[in-house]
Amino acid sequence: MKWITARRRHPLAGYVVVILALALFGVGYAALAPTAEEARAQTLSAEAPAPDDVDIAEGRAIFDQTCASCHGLDGSGSPTGPDLREVGSAAVNFQVSTGRMPSMDPDNQMPRKPMVMSEEELANLIAYYDAEIRDNEAGADVPYEVPASEPERDDFEDEGEYEAALETWETEYDAYIEGADDTDMGMKLYLTNCAHCHSWSGGGGALTDGRWAPEIHDASPREIYEAMVSGPGAMPMFSDGVIDPDEKQELISYVKTLQAEPDAGGIFALDRVGQVAEGFIGWTVGLSLIVACAIWITAKQRAHD
Amino acid sequence: MTENNNNDNNGAGDEKPERVVGTPSASADERVVSEASAENESEHAGPYEPFETHIRPEEQQRRGEKMASAWFILATLAGIAFLAAYFVFPPNAADEPAIADPQISQYSNMLLGGTLTLAMFGIGAGMTVWARNVMPHYEVHSPYDELPSSDEEKGSFSEFFMKSADESGFTKRPLMRRTLIASMIPLGIAPVVLLRDLGPLPRDTLHHTPWENGRRMYVEGTHRALRAEDLENDPNGMISALPAIDDDRYPHGISLDDQAKSVILLIKVPDGDWKEGMNEPVSEGSDETHMNWTYNGIVAYSKICTHVGCPAALYERTTHRILCPCHQSTFDATDAAKVVFGPAHRGLPQLPISVDDEGYLISTGDFAEPPGPTFWEYQRGGGN
């Protein structure tokens, strides 16, 4: 206290207070702001797995162990988990590959996380789901023709295998994104149907009752496609009838192209948080600087007062 | 910068021994000030009385000059850098607007803005330093004037005013006075006429949209007409749609005015989720209920918020709430889009829909009330 008392009338005290307040604001914001989950799902296969490659019995074991406690042994749901019989395998693939399922806390919305299962386990689970739980052909299938996330080195035993997989993935990814020739239409579809919740830049936004629309930058084209056809959480569905597969390709291509654009914020980039938030931050910081200048200019000249 | 002024005064005294000789050493602030003033008197030529003027000690002035010059040099360099930045990232290099490239415009914006800020701040900062360290410091007392005028002045003014009014004949000649007032009335009304010139009256255009019986609907952004089967099988589908119009005059087939009025949100609601409000008539005295205006679980609402006209399309399939992202007006899609929260004054107007022979979704008429922001008389006129 004595230390403060001795220095609080120091002519620089005003600036120190302003700087401390600014720092507190910035650090506080960084601490409170939701951090983007640095997670990547690792769906690799570009084609539907052949029946011989999957093990339905193992899929059943995975389902009974990790899913049945909430969704029931037959997938018919329970008070803690919805009925899965009509959601379709696209929903299963989306929820598991984005790490949202299995959920540790069924009462709350799950953020994106690294997938807990291996690719093989997920394929077995989907095979079991299709064979035993799904009602006929209800819901949407996994869109295997749409590229999934970039392969990761950890999933491969040797470097050569990984590089071959990476090359295949890159070819498919580029072909899918560049195969869209009417990004203008993709933009309109995105802005009129998606941007309200996921924001114009794909950064996500708030919904009611504490839910939120996640940011979609980490999502692979396949995950975006699956989210549209299955409608996870509070999101409505955009089936292939409403937005057909070609139009979805335009839309996804637009999202991915937008993401690849350089961020005009430069060193002051705010992760494309959106114009209103950018304006607010600019206003607060700018005003604080102006206040600091005002303090400096009008600081009392105590010697003669 | 300022806390050392007293010491500086002493220091200044030491620097000019010819003035200090014979004077007692400073023991109190006031005395220092008064002495300094007294000494300066002989060579003083400023606008204020010498005893009010405190010239800064020479050492402080020199320090201030250096500091201010440093700011001015910085401002000069920044100003030159501004010009350089303009030519390094020109607006029209290589025959194409380089500024259109986000990378270039990013550098350009940062450099132009940054250097200009620095140049202006440098000049301002330099001048502040100049004022606070080089210019003399004044201590001026000037008492406030009495604010109200004296009764005498007031009396003489009103007397003068009334005398003039009498003299001018304004009070004595009623005919002239009244005709003058009459001549001013039309001028008062003139602005109303001029305002009318701002454009044609809206008449009933706000009450009508291109939706009519049998009009198909396009998915917004495409030119593909929607079929009922595209939507009715999704348990929780949603899509923005526009009337299917292909007018060659407009690049998107429909004028922006019409687009702004007629855009709708098609929502497929699961069977058991409808609420009571759907069984109410769509407008007072109408035989049709909101439920009659849906087709197979598909309901169409205007997408334009009735508050100030933002597109309200933030739809949560779990709660069936439609939110407007601008001011959080919330509408219940299963309850005739009634307002459940927020500043909106009335629900989203519903569009009557059905299917035609080929299975395409169509409207069977126009909205029951004008879509978009509520305005005076929105319930009146227009008619359907």
# chains A, B, ... in the order shown; residues from 1 in each chain; ligands from 1
>>> residues_around(residues="A:Gly205", least_positions_apart="5", cutoff="12 Å", atoms="only C-alpha atoms", output="list in words")
Pro34, Cys194, Ala195, His196, Cys197, His198, Ser199, Trp200, Gly210, Arg211, Trp212, Ala213, Pro214, Glu215, Ile216, Arg272, Val273, Gly274 and Ala277 of chain A; Leu314 and Pro325 of chain B
>>> select_by_dssp(residues="stretch 219-287 of chain B", states="helix (DSSP H, G or I)", output="list in words")
Ala228, Glu229, Asp230, Leu231, Glu232, Leu256, Asp257, Asp258, Gln259, Ala260, Lys261, Ser262, Asp271, Gly272, Asp273, Glu276, Gly277, Met278 and Asn279 of chain B
>>> residues_around(residues="B:Thr334", least_positions_apart="5", cutoff="12 Å", atoms="only C-alpha atoms", output="VMD selection string")
chain B and resid 267 to 279 290 to 291 294 297 to 301 315 to 322 339 to 340 347 to 348 350
>>> residues_around(residues="stretch 217-233 of chain A", least_positions_apart="4", cutoff="9 Å", atoms="only C-alpha atoms", output="NGL selection string")
(:A and (36-41 or 43 or 87-91 or 93-95 or 97-98 or 109 or 112 or 139-150 or 173 or 176-177 or 201-203 or 237-240 or 245 or 248-249 or 252-253 or 255-256 or 259)) or (:B and (234 or 236-237 or 316-318))
>>> write_last_selection(atoms="C-alpha atoms", output="short mmCIF file (atom, residue, chain, number, x, y, z; two decimals), in the first residue's frame")
data_model
loop_
_atom_site.label_atom_id
_atom_site.label_comp_id
_atom_site.auth_asym_id
_atom_site.auth_seq_id
_atom_site.Cartn_x
_atom_site.Cartn_y
_atom_site.Cartn_z
CA ALA A 36 -11.03 -22.92 -31.50
CA GLU A 37 -10.56 -26.59 -30.90
CA GLU A 38 -7.47 -27.50 -32.83
CA ALA A 39 -8.94 -30.73 -33.87
CA ARG A 40 -9.00 -32.58 -37.10
CA ALA A 41 -11.00 -35.64 -37.84
CA THR A 43 -11.62 -39.82 -42.16
CA VAL A 87 -30.86 -40.41 -38.32
CA GLY A 88 -28.85 -42.15 -41.05
CA SER A 89 -25.19 -43.12 -41.22
CA ALA A 90 -24.14 -39.61 -42.28
CA ALA A 91 -25.18 -38.39 -38.82
CA ASN A 93 -20.11 -40.42 -39.19
CA PHE A 94 -20.45 -36.67 -38.54
CA GLN A 95 -20.91 -36.96 -34.79
CA SER A 97 -15.57 -38.09 -36.78
CA THR A 98 -15.85 -34.58 -35.31
CA GLN A 109 -23.62 -29.14 -26.42
CA ARG A 112 -15.44 -30.25 -31.79
CA GLY A 139 -31.75 -40.79 -43.08
CA ALA A 140 -28.79 -39.96 -45.31
CA ASP A 141 -25.82 -42.19 -46.21
CA VAL A 142 -22.23 -41.15 -45.65
CA PRO A 143 -21.26 -39.11 -48.75
CA TYR A 144 -18.11 -41.12 -49.55
CA GLU A 145 -17.58 -39.20 -52.80
CA VAL A 146 -16.94 -35.96 -50.88
CA PRO A 147 -13.35 -35.60 -49.61
CA ALA A 148 -12.81 -36.02 -45.88
CA SER A 149 -10.07 -34.47 -43.72
CA GLU A 150 -6.40 -34.50 -44.58
CA TYR A 173 -9.75 -32.42 -52.49
CA TYR A 176 -13.81 -31.40 -55.50
CA ILE A 177 -13.15 -27.75 -54.67
CA SER A 201 -17.01 -15.87 -42.49
CA GLY A 202 -17.92 -19.28 -41.04
CA GLY A 203 -16.80 -18.24 -37.56
CA MET A 237 -31.64 -30.25 -42.46
CA PHE A 238 -30.75 -29.38 -46.04
CA SER A 239 -31.41 -32.63 -47.86
CA ASP A 240 -30.24 -33.41 -51.38
CA PRO A 245 -25.34 -32.45 -54.46
CA LYS A 248 -23.75 -28.44 -52.09
CA GLN A 249 -20.42 -28.74 -53.89
CA ILE A 252 -18.69 -26.11 -49.79
CA SER A 253 -16.27 -24.80 -52.40
CA VAL A 255 -16.76 -21.85 -47.82
CA LYS A 256 -13.34 -23.38 -48.40
CA GLN A 259 -11.30 -19.56 -45.83
CA ASP B 234 -36.89 -34.30 -44.16
CA ASN B 236 -36.52 -30.94 -39.97
CA GLY B 237 -35.87 -29.33 -43.32
CA GLU B 316 -33.41 -23.84 -34.51
CA ARG B 317 -34.97 -27.15 -35.40
CA THR B 318 -35.05 -28.30 -31.76
#
>>> atom_distance(atom1="atom CA of B:Phe82", atom2="atom CA of B:Gly122")
13.4 Å
>>> interface_residues(of="chain B", to="chain A", cutoff="8 Å", atoms="only C-alpha atoms", output="PDB file with N, CA and C atoms, in the first residue's frame")
ATOM      1  N   MET B   1       7.575  15.103 -16.307  1.00  0.00           N
ATOM      2  CA  MET B   1       8.050  16.282 -16.991  1.00  0.00           C
ATOM      3  C   MET B   1       7.847  17.530 -16.168  1.00  0.00           C
ATOM      4  N   THR B   2       6.742  17.541 -15.394  1.00  0.00           N
ATOM      5  CA  THR B   2       6.412  18.790 -14.722  1.00  0.00           C
ATOM      6  C   THR B   2       6.823  18.812 -13.266  1.00  0.00           C
ATOM      7  N   GLU B   3       7.124  17.648 -12.719  1.00  0.00           N
ATOM      8  CA  GLU B   3       7.361  17.615 -11.281  1.00  0.00           C
ATOM      9  C   GLU B   3       8.666  18.314 -10.910  1.00  0.00           C
ATOM     10  N   ASN B   4       9.501  18.532 -11.884  1.00  0.00           N
ATOM     11  CA  ASN B   4      10.802  19.106 -11.572  1.00  0.00           C
ATOM     12  C   ASN B   4      10.860  20.613 -11.772  1.00  0.00           C
ATOM     13  N   ASN B   5       9.698  21.198 -12.043  1.00  0.00           N
ATOM     14  CA  ASN B   5       9.728  22.606 -12.407  1.00  0.00           C
ATOM     15  C   ASN B   5      10.386  23.484 -11.359  1.00  0.00           C
ATOM     16  N   ASN B   6      10.083  23.181 -10.092  1.00  0.00           N
ATOM     17  CA  ASN B   6      10.677  24.005  -9.050  1.00  0.00           C
ATOM     18  C   ASN B   6      12.185  23.908  -9.090  1.00  0.00           C
ATOM     19  N   PRO B 102      -6.684  -8.712 -52.123  1.00  0.00           N
ATOM     20  CA  PRO B 102      -6.758  -8.521 -50.673  1.00  0.00           C
ATOM     21  C   PRO B 102      -5.391  -8.385 -50.020  1.00  0.00           C
ATOM     22  N   GLN B 103      -4.395  -9.137 -50.550  1.00  0.00           N
ATOM     23  CA  GLN B 103      -3.063  -9.071 -49.950  1.00  0.00           C
ATOM     24  C   GLN B 103      -2.473  -7.679 -50.121  1.00  0.00           C
ATOM     25  N   SER B 105      -4.092  -4.884 -50.872  1.00  0.00           N
ATOM     26  CA  SER B 105      -4.865  -3.841 -50.203  1.00  0.00           C
ATOM     27  C   SER B 105      -4.625  -3.887 -48.705  1.00  0.00           C
ATOM     28  N   GLN B 106      -4.303  -5.075 -48.208  1.00  0.00           N
ATOM     29  CA  GLN B 106      -3.985  -5.173 -46.783  1.00  0.00           C
ATOM     30  C   GLN B 106      -2.731  -4.360 -46.462  1.00  0.00           C
ATOM     31  N   TYR B 107      -1.652  -4.603 -47.252  1.00  0.00           N
ATOM     32  CA  TYR B 107      -0.417  -3.841 -47.038  1.00  0.00           C
ATOM     33  C   TYR B 107      -0.671  -2.364 -47.240  1.00  0.00           C
ATOM     34  N   MET B 110      -2.668  -0.834 -44.387  1.00  0.00           N
ATOM     35  CA  MET B 110      -1.883  -0.763 -43.160  1.00  0.00           C
ATOM     36  C   MET B 110      -0.855   0.366 -43.250  1.00  0.00           C
ATOM     37  N   THR B 128       2.370  19.576 -28.529  1.00  0.00           N
ATOM     38  CA  THR B 128       2.047  19.505 -27.100  1.00  0.00           C
ATOM     39  C   THR B 128       3.303  19.701 -26.261  1.00  0.00           C
ATOM     40  N   VAL B 219     -35.383 -22.181 -55.118  1.00  0.00           N
ATOM     41  CA  VAL B 219     -34.434 -22.110 -54.006  1.00  0.00           C
ATOM     42  C   VAL B 219     -33.631 -20.826 -54.196  1.00  0.00           C
ATOM     43  N   GLU B 220     -33.551 -19.968 -53.172  1.00  0.00           N
ATOM     44  CA  GLU B 220     -32.855 -18.693 -53.326  1.00  0.00           C
ATOM     45  C   GLU B 220     -31.398 -18.937 -53.709  1.00  0.00           C
ATOM     46  N   GLY B 221     -30.953 -18.256 -54.776  1.00  0.00           N
ATOM     47  CA  GLY B 221     -29.589 -18.439 -55.253  1.00  0.00           C
ATOM     48  C   GLY B 221     -29.513 -19.346 -56.467  1.00  0.00           C
ATOM     49  N   THR B 222     -30.566 -20.132 -56.724  1.00  0.00           N
ATOM     50  CA  THR B 222     -30.582 -20.998 -57.899  1.00  0.00           C
ATOM     51  C   THR B 222     -31.831 -20.665 -58.719  1.00  0.00           C
ATOM     52  N   LEU B 226     -38.764 -25.795 -56.524  1.00  0.00           N
ATOM     53  CA  LEU B 226     -38.821 -26.792 -55.453  1.00  0.00           C
ATOM     54  C   LEU B 226     -40.059 -27.660 -55.604  1.00  0.00           C
ATOM     55  N   GLU B 229     -41.853 -32.911 -52.564  1.00  0.00           N
ATOM     56  CA  GLU B 229     -41.128 -34.096 -52.100  1.00  0.00           C
ATOM     57  C   GLU B 229     -39.681 -33.782 -51.706  1.00  0.00           C
ATOM     58  N   ASP B 230     -39.152 -32.646 -52.221  1.00  0.00           N
ATOM     59  CA  ASP B 230     -37.795 -32.269 -51.842  1.00  0.00           C
ATOM     60  C   ASP B 230     -37.706 -31.963 -50.355  1.00  0.00           C
ATOM     61  N   LEU B 231     -38.802 -31.502 -49.795  1.00  0.00           N
ATOM     62  CA  LEU B 231     -38.777 -30.996 -48.428  1.00  0.00           C
ATOM     63  C   LEU B 231     -39.587 -31.843 -47.462  1.00  0.00           C
ATOM     64  N   ASP B 234     -37.886 -34.614 -45.186  1.00  0.00           N
ATOM     65  CA  ASP B 234     -36.890 -34.305 -44.161  1.00  0.00           C
ATOM     66  C   ASP B 234     -37.639 -33.992 -42.879  1.00  0.00           C
ATOM     67  N   PRO B 235     -37.317 -34.670 -41.808  1.00  0.00           N
ATOM     68  CA  PRO B 235     -38.066 -34.377 -40.584  1.00  0.00           C
ATOM     69  C   PRO B 235     -37.886 -32.930 -40.123  1.00  0.00           C
ATOM     70  N   ASN B 236     -36.778 -32.291 -40.475  1.00  0.00           N
ATOM     71  CA  ASN B 236     -36.520 -30.945 -39.972  1.00  0.00           C
ATOM     72  C   ASN B 236     -35.897 -30.048 -41.036  1.00  0.00           C
ATOM     73  N   GLY B 237     -36.468 -30.092 -42.228  1.00  0.00           N
ATOM     74  CA  GLY B 237     -35.866 -29.334 -43.317  1.00  0.00           C
ATOM     75  C   GLY B 237     -36.161 -27.844 -43.227  1.00  0.00           C
ATOM     76  N   MET B 238     -35.331 -27.078 -43.939  1.00  0.00           N
ATOM     77  CA  MET B 238     -35.535 -25.625 -44.010  1.00  0.00           C
ATOM     78  C   MET B 238     -34.845 -25.113 -45.262  1.00  0.00           C
ATOM     79  N   ILE B 239     -35.396 -24.097 -45.902  1.00  0.00           N
ATOM     80  CA  ILE B 239     -34.712 -23.504 -47.051  1.00  0.00           C
ATOM     81  C   ILE B 239     -35.295 -22.122 -47.325  1.00  0.00           C
ATOM     82  N   SER B 240     -34.437 -21.214 -47.830  1.00  0.00           N
ATOM     83  CA  SER B 240     -34.914 -19.894 -48.263  1.00  0.00           C
ATOM     84  C   SER B 240     -35.377 -19.998 -49.697  1.00  0.00           C
ATOM     85  N   ALA B 312     -34.663 -12.744 -41.146  1.00  0.00           N
ATOM     86  CA  ALA B 312     -34.699 -13.579 -39.939  1.00  0.00           C
ATOM     87  C   ALA B 312     -34.709 -15.028 -40.366  1.00  0.00           C
ATOM     88  N   ALA B 313     -33.542 -15.662 -40.355  1.00  0.00           N
ATOM     89  CA  ALA B 313     -33.489 -17.037 -40.833  1.00  0.00           C
ATOM     90  C   ALA B 313     -32.676 -17.919 -39.909  1.00  0.00           C
ATOM     91  N   LEU B 314     -32.464 -17.473 -38.687  1.00  0.00           N
ATOM     92  CA  LEU B 314     -31.703 -18.279 -37.741  1.00  0.00           C
ATOM     93  C   LEU B 314     -32.708 -19.240 -37.111  1.00  0.00           C
ATOM     94  N   TYR B 315     -32.834 -20.405 -37.724  1.00  0.00           N
ATOM     95  CA  TYR B 315     -33.890 -21.330 -37.315  1.00  0.00           C
ATOM     96  C   TYR B 315     -33.303 -22.485 -36.523  1.00  0.00           C
ATOM     97  N   GLU B 316     -33.840 -22.707 -35.329  1.00  0.00           N
ATOM     98  CA  GLU B 316     -33.406 -23.839 -34.509  1.00  0.00           C
ATOM     99  C   GLU B 316     -34.425 -24.954 -34.656  1.00  0.00           C
ATOM    100  N   ARG B 317     -33.997 -26.098 -35.146  1.00  0.00           N
ATOM    101  CA  ARG B 317     -34.970 -27.146 -35.396  1.00  0.00           C
ATOM    102  C   ARG B 317     -35.455 -27.778 -34.095  1.00  0.00           C
ATOM    103  N   THR B 318     -34.654 -27.673 -33.019  1.00  0.00           N
ATOM    104  CA  THR B 318     -35.047 -28.299 -31.761  1.00  0.00           C
ATOM    105  C   THR B 318     -36.161 -27.517 -31.073  1.00  0.00           C
ATOM    106  N   THR B 319     -36.088 -26.188 -31.133  1.00  0.00           N
ATOM    107  CA  THR B 319     -37.096 -25.375 -30.456  1.00  0.00           C
ATOM    108  C   THR B 319     -38.104 -24.801 -31.439  1.00  0.00           C
ATOM    109  N   PRO B 325     -31.150 -12.143 -36.400  1.00  0.00           N
ATOM    110  CA  PRO B 325     -29.819 -11.893 -35.837  1.00  0.00           C
ATOM    111  C   PRO B 325     -29.582 -10.433 -35.471  1.00  0.00           C
TER     112      PRO B 325
END
>>> residues_around(residues="stretch 61-66 of chain B", least_positions_apart="2", cutoff="6 Å", atoms="only C-alpha atoms", output="PyMOL selection string")
chain B and resi 58-59+68-69+133-134
>>> write_last_selection(atoms="C-alpha atoms", output="PDB file, in the first residue's frame")
ATOM      1  CA  GLU B  58      16.321  27.450 -20.136  1.00  0.00           C
ATOM      2  CA  GLU B  59      17.292  23.851 -19.481  1.00  0.00           C
ATOM      3  CA  ALA B  68       9.486  18.423 -29.962  1.00  0.00           C
ATOM      4  CA  SER B  69      11.991  18.344 -32.839  1.00  0.00           C
ATOM      5  CA  ASN B 133       8.084  22.894 -22.210  1.00  0.00           C
ATOM      6  CA  VAL B 134       9.048  25.845 -24.376  1.00  0.00           C
TER       7      VAL B 134
END
>>> closest_residue(among="A:Ala21, A:Ala68, A:Ala31, A:Ala180", to="A:Tyr254", atoms="only C-alpha atoms")
A:Ala180
>>> residues_around(residues="A:Ala50", least_positions_apart="5", cutoff="12 Å", atoms="only C-alpha atoms", output="list in words")
Ser45, Asp55, Ala123, Asn124 and Ala127 of chain A
>>> write_last_selection(atoms="N, CA and C atoms", output="mmCIF file, in the first residue's frame")
data_model
loop_
_atom_site.group_PDB
_atom_site.id
_atom_site.type_symbol
_atom_site.label_atom_id
_atom_site.label_comp_id
_atom_site.auth_asym_id
_atom_site.auth_seq_id
_atom_site.Cartn_x
_atom_site.Cartn_y
_atom_site.Cartn_z
ATOM 1 N N SER A 45 -10.940 -42.797 -46.016
ATOM 2 C CA SER A 45 -11.366 -43.554 -47.178
ATOM 3 C C SER A 45 -12.224 -42.718 -48.099
ATOM 4 N N ASP A 55 -16.026 -55.243 -39.881
ATOM 5 C CA ASP A 55 -16.326 -56.310 -38.941
ATOM 6 C C ASP A 55 -17.541 -55.879 -38.121
ATOM 7 N N ALA A 123 -15.551 -47.268 -39.068
ATOM 8 C CA ALA A 123 -16.128 -47.994 -40.206
ATOM 9 C C ALA A 123 -16.924 -49.197 -39.708
ATOM 10 N N ASN A 124 -16.386 -49.911 -38.714
ATOM 11 C CA ASN A 124 -17.109 -51.057 -38.154
ATOM 12 C C ASN A 124 -18.413 -50.616 -37.494
ATOM 13 N N ALA A 127 -20.934 -49.823 -40.109
ATOM 14 C CA ALA A 127 -21.442 -51.057 -40.723
ATOM 15 C C ALA A 127 -22.469 -51.719 -39.806
#
>>> atom_distance(atom1="atom CA of B:Asn233", atom2="atom CA of B:Asn292")
19.4 Å
>>> decode(residues="stretch 196-243 of chain B", atoms="C-alpha atoms", output="PDB file, in the first residue's frame")
ATOM      1  CA  ARG B 196     -43.618  14.926 -52.127  1.00  0.00           C
ATOM      2  CA  ASP B 197     -41.033  15.353 -54.866  1.00  0.00           C
ATOM      3  CA  LEU B 198     -38.786  12.770 -53.182  1.00  0.00           C
ATOM      4  CA  GLY B 199     -40.453  10.080 -55.216  1.00  0.00           C
ATOM      5  CA  PRO B 200     -43.741   8.530 -56.157  1.00  0.00           C
ATOM      6  CA  LEU B 201     -46.039   7.673 -53.301  1.00  0.00           C
ATOM      7  CA  PRO B 202     -45.712   4.034 -52.304  1.00  0.00           C
ATOM      8  CA  ARG B 203     -49.480   3.589 -52.729  1.00  0.00           C
ATOM      9  CA  ASP B 204     -50.233  -0.062 -52.048  1.00  0.00           C
ATOM     10  CA  THR B 205     -46.947  -1.539 -53.290  1.00  0.00           C
ATOM     11  CA  LEU B 206     -46.030  -2.458 -49.721  1.00  0.00           C
ATOM     12  CA  HIS B 207     -49.157  -4.570 -49.500  1.00  0.00           C
ATOM     13  CA  HIS B 208     -48.495  -6.648 -52.598  1.00  0.00           C
ATOM     14  CA  THR B 209     -45.708  -9.038 -53.545  1.00  0.00           C
ATOM     15  CA  PRO B 210     -45.213 -11.158 -56.664  1.00  0.00           C
ATOM     16  CA  TRP B 211     -46.707 -14.145 -54.849  1.00  0.00           C
ATOM     17  CA  GLU B 212     -50.013 -15.127 -56.454  1.00  0.00           C
ATOM     18  CA  ASN B 213     -52.085 -18.218 -56.958  1.00  0.00           C
ATOM     19  CA  GLY B 214     -50.070 -20.904 -58.770  1.00  0.00           C
ATOM     20  CA  ARG B 215     -46.631 -19.225 -58.464  1.00  0.00           C
ATOM     21  CA  ARG B 216     -43.843 -21.808 -58.091  1.00  0.00           C
ATOM     22  CA  MET B 217     -40.832 -21.162 -55.899  1.00  0.00           C
ATOM     23  CA  TYR B 218     -37.081 -21.225 -56.550  1.00  0.00           C
ATOM     24  CA  VAL B 219     -34.434 -22.110 -54.006  1.00  0.00           C
ATOM     25  CA  GLU B 220     -32.855 -18.693 -53.326  1.00  0.00           C
ATOM     26  CA  GLY B 221     -29.589 -18.439 -55.253  1.00  0.00           C
ATOM     27  CA  THR B 222     -30.582 -20.998 -57.899  1.00  0.00           C
ATOM     28  CA  HIS B 223     -33.220 -21.223 -60.610  1.00  0.00           C
ATOM     29  CA  ARG B 224     -34.472 -24.634 -59.600  1.00  0.00           C
ATOM     30  CA  ALA B 225     -38.150 -24.915 -58.683  1.00  0.00           C
ATOM     31  CA  LEU B 226     -38.821 -26.792 -55.453  1.00  0.00           C
ATOM     32  CA  ARG B 227     -41.017 -29.860 -55.328  1.00  0.00           C
ATOM     33  CA  ALA B 228     -42.971 -30.780 -52.229  1.00  0.00           C
ATOM     34  CA  GLU B 229     -41.128 -34.096 -52.100  1.00  0.00           C
ATOM     35  CA  ASP B 230     -37.795 -32.269 -51.842  1.00  0.00           C
ATOM     36  CA  LEU B 231     -38.777 -30.996 -48.428  1.00  0.00           C
ATOM     37  CA  GLU B 232     -41.631 -33.040 -46.999  1.00  0.00           C
ATOM     38  CA  ASN B 233     -39.497 -36.108 -46.242  1.00  0.00           C
ATOM     39  CA  ASP B 234     -36.890 -34.305 -44.161  1.00  0.00           C
ATOM     40  CA  PRO B 235     -38.066 -34.377 -40.584  1.00  0.00           C
ATOM     41  CA  ASN B 236     -36.520 -30.945 -39.972  1.00  0.00           C
ATOM     42  CA  GLY B 237     -35.866 -29.334 -43.317  1.00  0.00           C
ATOM     43  CA  MET B 238     -35.535 -25.625 -44.010  1.00  0.00           C
ATOM     44  CA  ILE B 239     -34.712 -23.504 -47.051  1.00  0.00           C
ATOM     45  CA  SER B 240     -34.914 -19.894 -48.263  1.00  0.00           C
ATOM     46  CA  ALA B 241     -37.022 -19.488 -51.385  1.00  0.00           C
ATOM     47  CA  LEU B 242     -38.077 -16.805 -53.860  1.00  0.00           C
ATOM     48  CA  PRO B 243     -40.993 -16.641 -56.301  1.00  0.00           C
TER      49      PRO B 243
END
